[in-house]
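For reference, the structure discussed in these notes is given below.
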Amino acid sequence: MMELPFELFGFTRFIENEPAMMAFVASFGVLIAAFIIALFIRLPLLKTFFGIIAGGLALALFPGFA
């Protein structure tokens, strides 16, 4: 199904064995990533960089739910 050269601390094996978890990550993974980026967007030096990343995540939000 998903083949990576590393195991991501067992996370990939976990989502391969749990189909419901794969659907959860596909649907809500963008929201989780956006929350993490929102924590760093307040840094003055990196505000533009994280703003661009947040915009990309906003564009990826709706296809994740489709």
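Each chain in the structure tokens gets a letter, A, B and so on, in the order shown; residues start at 1 in every chain, and ligands are counted from 1 in the order they appear.
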
Let's see if you can do this: from backbone DSSP, list all alpha helix (DSSP H) residues in chain A, as a PyMOL selection string.
chain A and resi 11-17+19-40+47-65

Near A:Val30, counting only C-alpha atoms, which residues have an atom at most 9 Å away, once you skip same-chain residues fewer than 4 positions from it, shown as an NGL selection string? :A and (25-26 or 34-35 or 57-58 or 60-61 or 64)

message = Quick one: residues within 10 Å of A:Ile53, only C-alpha atoms, excluding same-chain residues fewer than 5 positions away - as a list in words?
response =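 Counting only C-alpha atoms, the residues come to Ala33, Ala34, Ile37, Ala38, Ile41, Lys47, Thr48, Ala58 and Leu59 of chain A.
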